$ cat input.cif   # mmCIF, C-alpha atoms and all ligand atoms
data_final
loop_
_atom_site.label_atom_id
_atom_site.label_comp_id
_atom_site.auth_asym_id
_atom_site.auth_seq_id
_atom_site.Cartn_x
_atom_site.Cartn_y
_atom_site.Cartn_z
CA VAL D 56 135.05 122.89 115.50
CA LEU D 57 137.02 120.22 117.30
CA CYS D 58 134.75 120.47 120.34
CA TRP D 59 131.68 119.83 118.19
CA PHE D 60 133.34 116.74 116.85
CA TYR D 61 133.83 115.37 120.36
CA ILE D 62 130.27 116.15 121.36
CA PHE D 63 128.69 114.78 118.15
CA PRO D 64 131.16 112.32 116.61
CA VAL D 65 130.29 111.80 112.95
CA TYR D 66 128.53 108.46 112.66
CA ARG D 67 128.86 106.74 109.30
CA VAL D 68 126.94 103.63 108.36
CA PRO D 69 129.49 101.24 106.84
CA SER D 70 129.11 100.57 103.13
CA ASP D 71 127.42 97.35 102.00
CA LYS D 72 130.83 96.03 100.92
CA GLU D 73 132.35 96.74 104.35
CA ILE D 74 129.44 94.99 106.06
CA VAL D 75 129.76 91.92 103.82
CA GLU D 76 133.51 91.74 104.54
CA GLU D 77 132.90 92.08 108.27
CA VAL D 78 130.27 89.32 108.22
CA LEU D 79 132.61 87.04 106.26
CA ARG D 80 135.32 87.58 108.89
CA GLN D 81 133.03 86.88 111.86
CA ARG D 82 130.66 84.31 110.45
CA GLY D 83 132.02 80.99 111.64
CA VAL D 84 131.97 81.43 115.38
CA TRP D 85 128.98 82.05 117.59
CA HIS D 86 128.95 81.58 121.32
CA LYS D 87 125.81 82.08 123.34
CA ASN D 88 126.26 84.76 125.98
CA GLN D 89 123.73 84.26 128.77
CA THR D 90 124.69 87.52 130.49
CA GLY D 91 124.13 89.44 127.24
CA ILE D 92 120.77 87.75 126.72
CA GLU D 93 119.62 88.61 130.23
CA LEU D 94 120.91 92.17 129.95
CA TYR D 95 119.01 92.77 126.71
CA ARG D 96 115.85 91.20 128.11
CA LYS D 97 116.09 93.59 131.03
CA LEU D 98 116.73 96.61 128.79
CA LEU D 99 113.73 95.75 126.62
CA THR D 100 111.53 95.00 129.62
CA ASP D 101 112.45 98.32 131.21
CA CYS D 102 111.81 100.35 128.07
CA CYS D 103 108.92 98.54 126.47
CA ASN D 104 107.43 95.89 128.75
CA PRO D 105 106.68 93.44 125.90
CA ARG D 106 104.98 90.84 128.12
CA ARG D 107 102.23 93.21 129.10
CA MET D 108 102.26 95.66 126.21
CA PHE D 109 103.03 94.03 122.87
CA ALA D 110 99.36 93.61 121.93
CA VAL D 111 96.27 95.65 122.66
CA THR D 112 94.47 93.69 125.36
CA LYS D 113 91.40 94.24 127.52
CA GLU D 114 93.82 94.51 130.45
CA ASN D 115 96.05 97.26 129.07
CA SER D 116 93.36 99.04 127.03
CA PRO D 117 90.06 99.27 128.95
CA LEU D 118 87.00 101.12 127.66
CA GLY D 119 87.76 104.83 127.35
CA LYS D 120 91.53 104.36 127.05
CA VAL D 121 93.08 106.64 124.44
CA LEU D 122 95.39 104.82 122.03
CA TRP D 123 97.74 107.31 120.38
CA TYR D 124 98.76 106.20 116.88
CA ASP D 125 102.51 105.61 116.67
CA GLY D 126 102.76 106.41 112.95
CA GLU D 127 100.69 109.63 112.94
CA PHE D 128 100.95 112.96 114.71
CA TYR D 129 98.15 113.71 117.15
CA TYR D 130 95.74 111.01 116.04
CA SER D 131 94.12 108.67 118.50
CA HIS D 132 91.42 106.09 118.99
CA THR D 133 89.40 105.95 122.18
CA VAL D 134 88.53 102.37 123.03
CA ASN D 135 84.75 102.03 122.69
CA ASN D 136 81.99 99.43 122.69
CA GLU D 137 82.81 98.43 119.10
CA THR D 138 86.54 97.91 119.53
CA TYR D 139 86.88 96.67 123.13
CA PRO D 140 85.19 93.28 122.50
CA LEU D 141 87.72 92.59 119.70
CA PHE D 142 90.70 92.66 122.07
CA VAL D 143 92.11 89.53 123.71
CA GLN D 144 91.82 89.46 127.51
CA GLY D 145 95.54 89.54 128.38
CA ASN D 146 98.83 88.49 126.82
CA PRO D 147 97.89 85.11 125.33
CA LEU D 148 101.41 83.73 124.86
CA LYS D 149 102.45 80.81 127.03
CA PHE D 150 105.69 81.46 128.88
CA PRO D 151 108.49 80.59 128.97
CA LEU D 152 109.18 80.85 125.25
CA LYS D 153 112.37 78.86 124.86
CA LYS D 154 113.93 78.82 121.38
CA CYS D 155 112.42 81.47 119.13
CA ALA D 156 113.02 81.87 115.39
CA VAL D 157 112.34 85.22 113.76
CA VAL D 158 112.13 84.88 110.00
CA GLY D 159 112.75 87.96 107.85
CA ASN D 160 111.94 87.89 104.16
CA SER D 161 115.34 88.48 102.52
CA GLY D 162 116.34 86.63 99.35
CA ILE D 163 119.31 85.28 101.35
CA LEU D 164 116.91 82.50 102.40
CA ARG D 165 116.84 81.07 98.88
CA ARG D 166 118.75 77.81 98.72
CA SER D 167 119.63 78.27 102.42
CA LYS D 168 118.12 74.90 103.44
CA CYS D 169 117.14 76.55 106.73
CA GLY D 170 113.55 75.25 106.72
CA ARG D 171 114.24 72.31 109.01
CA HIS D 172 116.17 74.51 111.45
CA ILE D 173 113.43 77.12 111.56
CA ASP D 174 110.71 74.52 112.07
CA GLN D 175 112.55 73.05 115.07
CA ALA D 176 112.15 76.26 117.10
CA ASP D 177 109.55 76.42 119.87
CA PHE D 178 108.07 79.70 118.69
CA ILE D 179 108.31 80.90 115.09
CA MET D 180 107.56 84.46 114.01
CA ARG D 181 107.20 85.57 110.39
CA CYS D 182 106.69 88.91 108.68
CA ASN D 183 103.96 90.18 106.35
CA LEU D 184 102.07 87.02 105.42
CA PRO D 185 104.97 85.46 103.50
CA PRO D 186 104.43 82.58 101.06
CA LEU D 187 105.13 79.13 102.54
CA SER D 188 104.29 77.03 99.49
CA LYS D 189 106.12 73.80 98.78
CA ASP D 190 108.69 75.55 96.56
CA TYR D 191 109.97 77.41 99.62
CA VAL D 192 109.52 74.94 102.46
CA ALA D 193 113.06 73.54 102.38
CA ASP D 194 114.46 77.07 102.79
CA VAL D 195 111.95 78.76 105.10
CA GLY D 196 110.02 75.93 106.79
CA ASN D 197 106.26 75.89 107.21
CA ARG D 198 105.44 76.15 110.92
CA THR D 199 104.28 79.51 112.27
CA HIS D 200 103.19 80.74 115.68
CA LEU D 201 102.91 84.45 114.98
CA VAL D 202 102.74 86.25 111.65
CA THR D 203 102.47 89.97 111.06
CA ALA D 204 100.16 91.41 108.43
CA ASN D 205 100.76 94.88 107.15
CA PRO D 206 97.34 96.37 106.27
CA SER D 207 98.75 97.46 102.90
CA ILE D 208 98.77 93.75 101.95
CA ILE D 209 95.06 93.55 102.74
CA GLU D 210 94.57 96.56 100.50
CA LYS D 211 96.65 95.36 97.55
CA ARG D 212 96.31 91.59 97.62
CA PHE D 213 92.73 91.31 98.90
CA GLN D 214 91.06 94.49 97.51
CA ASN D 215 90.55 95.99 100.98
CA LEU D 216 88.36 92.96 101.80
CA LEU D 217 85.45 94.87 100.30
CA TRP D 218 84.55 92.06 97.91
CA SER D 219 85.07 88.38 98.57
CA ARG D 220 86.80 87.51 101.82
CA LYS D 221 87.22 83.87 100.88
CA ALA D 222 90.58 84.38 99.13
CA PHE D 223 91.92 86.03 102.29
CA VAL D 224 90.55 83.45 104.68
CA ASP D 225 91.81 80.58 102.48
CA SER D 226 95.27 82.08 102.11
CA MET D 227 95.57 82.36 105.88
CA LYS D 228 95.20 78.62 106.35
CA VAL D 229 98.92 78.00 105.69
CA TYR D 230 99.73 79.71 109.00
CA GLY D 231 97.75 77.13 110.98
CA PRO D 232 96.35 78.10 114.39
CA SER D 233 98.73 81.01 114.89
CA TYR D 234 98.49 84.63 115.98
CA ILE D 235 98.12 87.29 113.33
CA TYR D 236 99.66 90.55 114.53
CA MET D 237 98.37 93.72 112.85
CA PRO D 238 99.31 97.36 113.50
CA ALA D 239 95.67 98.44 113.69
CA PHE D 240 96.45 101.69 115.52
CA SER D 241 99.61 102.85 113.76
CA MET D 242 98.26 104.88 110.85
CA LYS D 243 94.71 105.99 110.08
CA PRO D 244 93.97 103.63 107.16
CA CYS D 245 95.26 100.65 109.18
CA THR D 246 92.34 100.63 111.59
CA ASP D 247 89.46 99.80 109.23
CA LEU D 248 91.57 97.30 107.30
CA SER D 249 92.63 95.50 110.47
CA LEU D 250 89.10 95.42 111.88
CA ARG D 251 87.85 94.05 108.57
CA ALA D 252 90.54 91.35 108.64
CA HIS D 253 89.48 90.51 112.18
CA TYR D 254 85.81 90.13 111.17
CA ALA D 255 86.70 88.12 108.06
CA LEU D 256 88.54 85.59 110.23
CA ALA D 257 86.00 85.58 113.06
CA ASP D 258 83.05 85.15 110.67
CA SER D 259 84.68 82.15 109.03
CA ALA D 260 85.46 80.46 112.37
CA SER D 261 89.16 80.57 111.47
CA ASN D 262 91.56 79.14 114.02
CA LEU D 263 93.86 82.17 113.82
CA THR D 264 93.77 84.68 116.66
CA MET D 265 93.96 88.36 115.79
CA LEU D 266 96.27 90.47 117.93
CA PHE D 267 96.38 94.20 117.38
CA ALA D 268 99.88 95.62 117.89
CA ASN D 269 99.87 98.07 120.77
CA PRO D 270 100.97 101.50 119.43
CA GLU D 271 102.50 102.36 122.80
CA PHE D 272 104.72 99.27 122.55
CA LEU D 273 105.70 100.04 118.94
CA SER D 274 106.63 103.60 119.75
CA SER D 275 108.67 102.59 122.80
CA VAL D 276 110.60 100.03 120.69
CA SER D 277 111.19 102.69 118.09
CA LYS D 278 112.59 105.08 120.74
CA PHE D 279 114.80 102.28 122.06
CA TRP D 280 116.42 101.76 118.64
CA LYS D 281 116.70 105.49 117.99
CA ALA D 282 118.89 105.59 121.08
CA HIS D 283 120.92 102.80 119.43
CA SER D 284 121.62 104.75 116.21
CA VAL D 285 118.80 103.43 114.05
CA HIS D 286 117.35 106.47 112.33
CA ALA D 287 114.43 105.52 110.13
CA ARG D 288 111.00 106.96 109.50
CA ARG D 289 109.78 103.61 110.65
CA LEU D 290 111.54 100.51 111.93
CA SER D 291 111.21 97.46 109.74
CA THR D 292 108.67 94.84 110.77
CA GLY D 293 111.51 92.39 111.35
CA LEU D 294 113.20 94.63 113.91
CA TYR D 295 109.95 94.99 115.88
CA LEU D 296 109.69 91.20 115.97
CA ILE D 297 113.33 90.66 116.96
CA SER D 298 112.85 93.20 119.77
CA LEU D 299 109.75 91.33 120.90
CA ALA D 300 111.63 88.02 120.78
CA LEU D 301 114.63 89.41 122.70
CA GLY D 302 112.24 90.58 125.39
CA LEU D 303 110.26 87.33 125.61
CA CYS D 304 112.41 84.36 124.56
CA GLU D 305 115.26 82.50 126.20
CA GLU D 306 117.15 82.19 122.90
CA VAL D 307 116.59 83.98 119.58
CA THR D 308 117.79 83.01 116.11
CA ALA D 309 117.08 85.33 113.17
CA TYR D 310 116.86 84.08 109.57
CA GLY D 311 116.32 86.06 106.39
CA PHE D 312 117.79 89.36 107.57
CA TRP D 313 120.07 90.57 104.77
CA PRO D 314 119.16 93.93 103.25
CA PHE D 315 121.95 93.88 100.67
CA SER D 316 121.84 93.11 96.98
CA VAL D 317 124.98 90.95 97.04
CA GLY D 318 125.49 87.79 99.09
CA LEU D 319 128.53 86.44 100.92
CA ASP D 320 129.45 84.53 97.76
CA GLU D 321 129.27 87.82 95.78
CA GLN D 322 126.21 86.56 93.91
CA PRO D 323 123.13 88.82 93.55
CA VAL D 324 120.50 88.47 96.26
CA SER D 325 116.86 89.46 95.67
CA HIS D 326 115.15 91.70 98.22
CA HIS D 327 112.66 88.99 99.18
CA TYR D 328 112.93 85.22 98.87
CA TYR D 329 109.78 85.31 96.73
CA ASP D 330 110.24 88.54 94.68
CA ASN D 331 112.53 91.50 94.16
CA ILE D 332 110.20 94.41 94.93
CA LEU D 333 112.26 96.99 96.80
CA PRO D 334 110.87 99.05 99.69
CA TYR D 335 110.30 102.79 99.44
CA LYS D 336 113.85 104.12 99.80
CA TRP D 337 113.62 106.55 102.69
CA PHE D 338 111.12 104.66 104.81
CA HIS D 339 113.26 102.02 106.51
CA ALA D 340 116.94 101.97 107.45
CA MET D 341 117.55 98.24 107.11
CA PRO D 342 121.36 98.40 106.72
CA GLU D 343 121.58 100.45 109.94
CA GLU D 344 119.35 97.91 111.63
CA PHE D 345 121.53 95.09 110.33
CA VAL D 346 124.65 96.70 111.84
CA GLN D 347 122.96 96.71 115.25
CA LEU D 348 121.74 93.13 114.88
CA TRP D 349 125.21 92.02 113.84
CA GLN D 350 126.65 93.60 117.00
CA LEU D 351 124.18 91.50 119.00
CA HIS D 352 125.23 88.43 117.03
CA LYS D 353 128.90 89.10 117.76
CA SER D 354 128.17 89.53 121.45
CA GLY D 355 126.29 86.20 121.59
CA THR D 356 122.95 87.82 122.46
CA LEU D 357 121.17 86.89 119.24
CA ARG D 358 122.11 84.40 116.56
CA MET D 359 121.90 85.59 112.95
CA ARG D 360 121.86 82.95 110.22
CA VAL D 361 123.11 84.60 107.07
CA GLY D 362 124.34 81.70 104.99
CA GLN D 363 123.26 78.12 104.40
CA CYS D 364 122.12 76.07 107.38
CA PRO D 365 124.20 72.94 108.03
O1 LIG D 401 107.35 95.52 105.79
P1 LIG D 401 108.83 95.49 105.69
O2 LIG D 401 109.33 96.25 104.48
O3 LIG D 401 109.46 95.94 106.96
O4 LIG D 401 109.25 93.94 105.55
P2 LIG D 401 109.41 92.80 104.43
O5 LIG D 401 110.01 93.31 103.19
O6 LIG D 401 108.16 92.02 104.33
O7 LIG D 401 110.50 91.86 105.16
C1 LIG D 401 110.31 91.43 106.49
C2 LIG D 401 111.53 91.83 107.32
O8 LIG D 401 112.68 91.11 106.89
C3 LIG D 401 111.90 93.30 107.18
O9 LIG D 401 111.11 94.08 108.04
C4 LIG D 401 113.38 93.30 107.52
O10 LIG D 401 113.55 93.37 108.91
C5 LIG D 401 113.84 91.93 107.00
N1 LIG D 401 114.46 92.02 105.67
C6 LIG D 401 115.85 92.09 105.57
O11 LIG D 401 116.54 92.15 106.59
N2 LIG D 401 116.45 92.10 104.34
C7 LIG D 401 115.70 92.09 103.22
N3 LIG D 401 116.33 92.09 102.03
C8 LIG D 401 114.30 92.03 103.30
C9 LIG D 401 113.70 92.01 104.54
#
$ encode --input "input.cif" --output "structure tokens"
Amino acid sequence: VLCWFYIFPVYRVPSDKEIVEEVLRQRGVWHKNQTGIELYRKLLTDCCNPRRMFAVTKENSPLGKVLWYDGEFYYSHTVNNETYPLFVQGNPLKFPLKKCAVVGNSGILRRSKCGRHIDQADFIMRCNLPPLSKDYVADVGNRTHLVTANPSIIEKRFQNLLWSRKAFVDSMKVYGPSYIYMPAFSMKPCTDLSLRAHYALADSASNLTMLFANPEFLSSVSKFWKAHSVHARRLSTGLYLISLALGLCEEVTAYGFWPFSVGLDEQPVSHHYYDNILPYKWFHAMPEEFVQLWQLHKSGTLRMRVGQCP
């Protein structure tokens, strides 16, 4: 029995209370660690090659290439004459990306006054088409360079884009001329919804650029975190973006990552800064992800903003 314990030590995710206490103890000090940043960039480049692979491009996905879905077993799409023209030529991002801000959607952002900080970054990534209306600007900012869109939003908020596309196209204007990043080849229903979103934007001469997330990149990032004790059916969108940022940016600050219902001041925190709809319980493992991100914060590799911004 003892031997088994040494081979497979029992790993326990700390309780929410323990995590909050730990964050309170460590919160004040943050020192950038250039060696840690470079090490992580190398690890992520070796495993996942984000520069070349984060989006489906004409370069990495030529006609006839088989894209295996990362969220389905044994389901694939072979790049054909319909899909190939929709891909960007190569990685469109302009390097180097200096200061990047990755904005999660946690309710911890409310009354954080982090908007100005976020907007000062050189490259700003947001998750799941979040609201940026004037009620939220002081806390979350309003500049965006890349925003993810989960196809389920297209389904629920925009009726699968089967009727009017105007509401969708209009609501996208708040993200300016940014990239919209959709997991078109992750699960079967995602493909049609993502292609429809692409056509809706293209037909309206929108200044957003559609990027389809490369399923090979998503599955390599998922394997990377599995090896770092994150066991979830699927990583959260925010962790994919932080991984992308750690691989591409010189400095990364994360805002709005706090998957706990109580804040550092022991006051309740809503799940999102704009609502309190909880995710399906067994799908993500956000507290486990947070523990890993907090380790990176402590080592100076990534900066996590969890309280008010000065
Ligand atoms: O689609 P998903 O459920 O992953 O994301 P979301 O609820 O739209 O939030 C965007 C991201 O913010 C998540 O993927 C998490 O990484 C992060 N988040 C968090 O850390 N704590 C929360 N209470 C809510 C979201």
$ atom_distance --input "input.cif" --atom1 "CA of Ser233 in chain D" --atom2 "CA of His200 in chain D"
4.5 Å
$ atom_distance --input "input.cif" --atom1 "CA of Asp194 in chain D" --atom2 "CA of Val324 in chain D"
14.5 Å
$ residues_near_ligand --input "input.cif" --ligand "ligand LIG 401 (chain D)" --cutoff "6 Å" --atoms "all atoms listed in the file" --output "PyMOL selection string"
chain D and resi 159-161+182-183+291-294+312-314+326-327+334
$ residues_around --input "input.cif" --residues "Ala268 in chain D" --least-positions-apart "5" --cutoff "10 Å" --atoms "only C-alpha atoms" --output "PyMOL selection string"
chain D and resi 108-112+203+235-241+273
$ closest_atom_pairs --input "input.cif" --of "range 158-193 of chain D" --to "range 348-361 of chain D" --cutoff "9 Å" --atoms "all atoms listed in the file" --output "Markdown table"
| residue | atom | partner | partner_atom | distance |
| --- | --- | --- | --- | --- |
| D:Ile163 | CA | D:Val361 | CA | 6.9 |
| D:Leu164 | CA | D:Val361 | CA | 8.0 |
| D:Ser167 | CA | D:Val361 | CA | 8.6 |
| D:Cys169 | CA | D:Arg360 | CA | 8.7 |
$ residues_around --input "input.cif" --residues "His286 in chain D" --least-positions-apart "2" --cutoff "12 Å" --atoms "all atoms listed in the file" --output "PDB file with C-alpha atoms, keeping the file's coordinate frame"
ATOM      1  CA  TYR D  66     128.530 108.460 112.660  1.00  0.00           C
ATOM      2  CA  ARG D  67     128.860 106.740 109.300  1.00  0.00           C
ATOM      3  CA  VAL D  68     126.940 103.630 108.360  1.00  0.00           C
ATOM      4  CA  SER D 277     111.190 102.690 118.090  1.00  0.00           C
ATOM      5  CA  LYS D 278     112.590 105.080 120.740  1.00  0.00           C
ATOM      6  CA  PHE D 279     114.800 102.280 122.060  1.00  0.00           C
ATOM      7  CA  TRP D 280     116.420 101.760 118.640  1.00  0.00           C
ATOM      8  CA  LYS D 281     116.700 105.490 117.990  1.00  0.00           C
ATOM      9  CA  ALA D 282     118.890 105.590 121.080  1.00  0.00           C
ATOM     10  CA  HIS D 283     120.920 102.800 119.430  1.00  0.00           C
ATOM     11  CA  SER D 284     121.620 104.750 116.210  1.00  0.00           C
ATOM     12  CA  ARG D 288     111.000 106.960 109.500  1.00  0.00           C
ATOM     13  CA  ARG D 289     109.780 103.610 110.650  1.00  0.00           C
ATOM     14  CA  LEU D 290     111.540 100.510 111.930  1.00  0.00           C
ATOM     15  CA  SER D 291     111.210  97.460 109.740  1.00  0.00           C
ATOM     16  CA  TRP D 337     113.620 106.550 102.690  1.00  0.00           C
ATOM     17  CA  PHE D 338     111.120 104.660 104.810  1.00  0.00           C
ATOM     18  CA  HIS D 339     113.260 102.020 106.510  1.00  0.00           C
ATOM     19  CA  ALA D 340     116.940 101.970 107.450  1.00  0.00           C
ATOM     20  CA  MET D 341     117.550  98.240 107.110  1.00  0.00           C
ATOM     21  CA  PRO D 342     121.360  98.400 106.720  1.00  0.00           C
ATOM     22  CA  GLU D 343     121.580 100.450 109.940  1.00  0.00           C
ATOM     23  CA  GLU D 344     119.350  97.910 111.630  1.00  0.00           C
ATOM     24  CA  GLN D 347     122.960  96.710 115.250  1.00  0.00           C
TER      25      GLN D 347
END
$ closest_residue --input "input.cif" --among "D:Pro206, D:Pro185, D:Gly83, D:Gln214" --to "Cys364 in chain D" --atoms "only C-alpha atoms"
D:Gly83
$ atom_distance --input "input.cif" --atom1 "CA of Thr90 in chain D" --atom2 "CA of Gly362 in chain D"
26.2 Å
$ closest_atom_pairs --input "input.cif" --of "range 200-307 of chain D" --to "range 94-101 of chain D" --cutoff "10 Å" --atoms "all atoms listed in the file" --output "tab-separated table"
residue	atom	partner	partner_atom	distance
D:Ser275	CA	D:Leu99	CA	9.3
D:Val276	CA	D:Leu99	CA	8.0
D:Phe279	CA	D:Leu99	CA	8.0
D:Ser298	CA	D:Leu99	CA	7.4
D:Leu299	CA	D:Leu99	CA	8.3
D:Ala300	CA	D:Arg96	CA	9.0
D:Leu301	CA	D:Arg96	CA	5.8
D:Gly302	CA	D:Arg96	CA	4.6
D:Leu303	CA	D:Arg96	CA	7.2
D:Cys304	CA	D:Arg96	CA	8.4
D:Glu305	CA	D:Arg96	CA	8.9
$ residues_around --input "input.cif" --residues "range 139-150 of chain D" --least-positions-apart "2" --cutoff "9 Å" --atoms "all atoms listed in the file" --output "number ranges by chain"
D: 106-118, 134-137, 152-153, 250, 253, 264-267, 303-304
$ closest_residue --input "input.cif" --among "D:Asp225, D:Tyr310, D:Thr138, D:Arg166" --to "Arg251 in chain D" --atoms "all atoms listed in the file"
D:Thr138
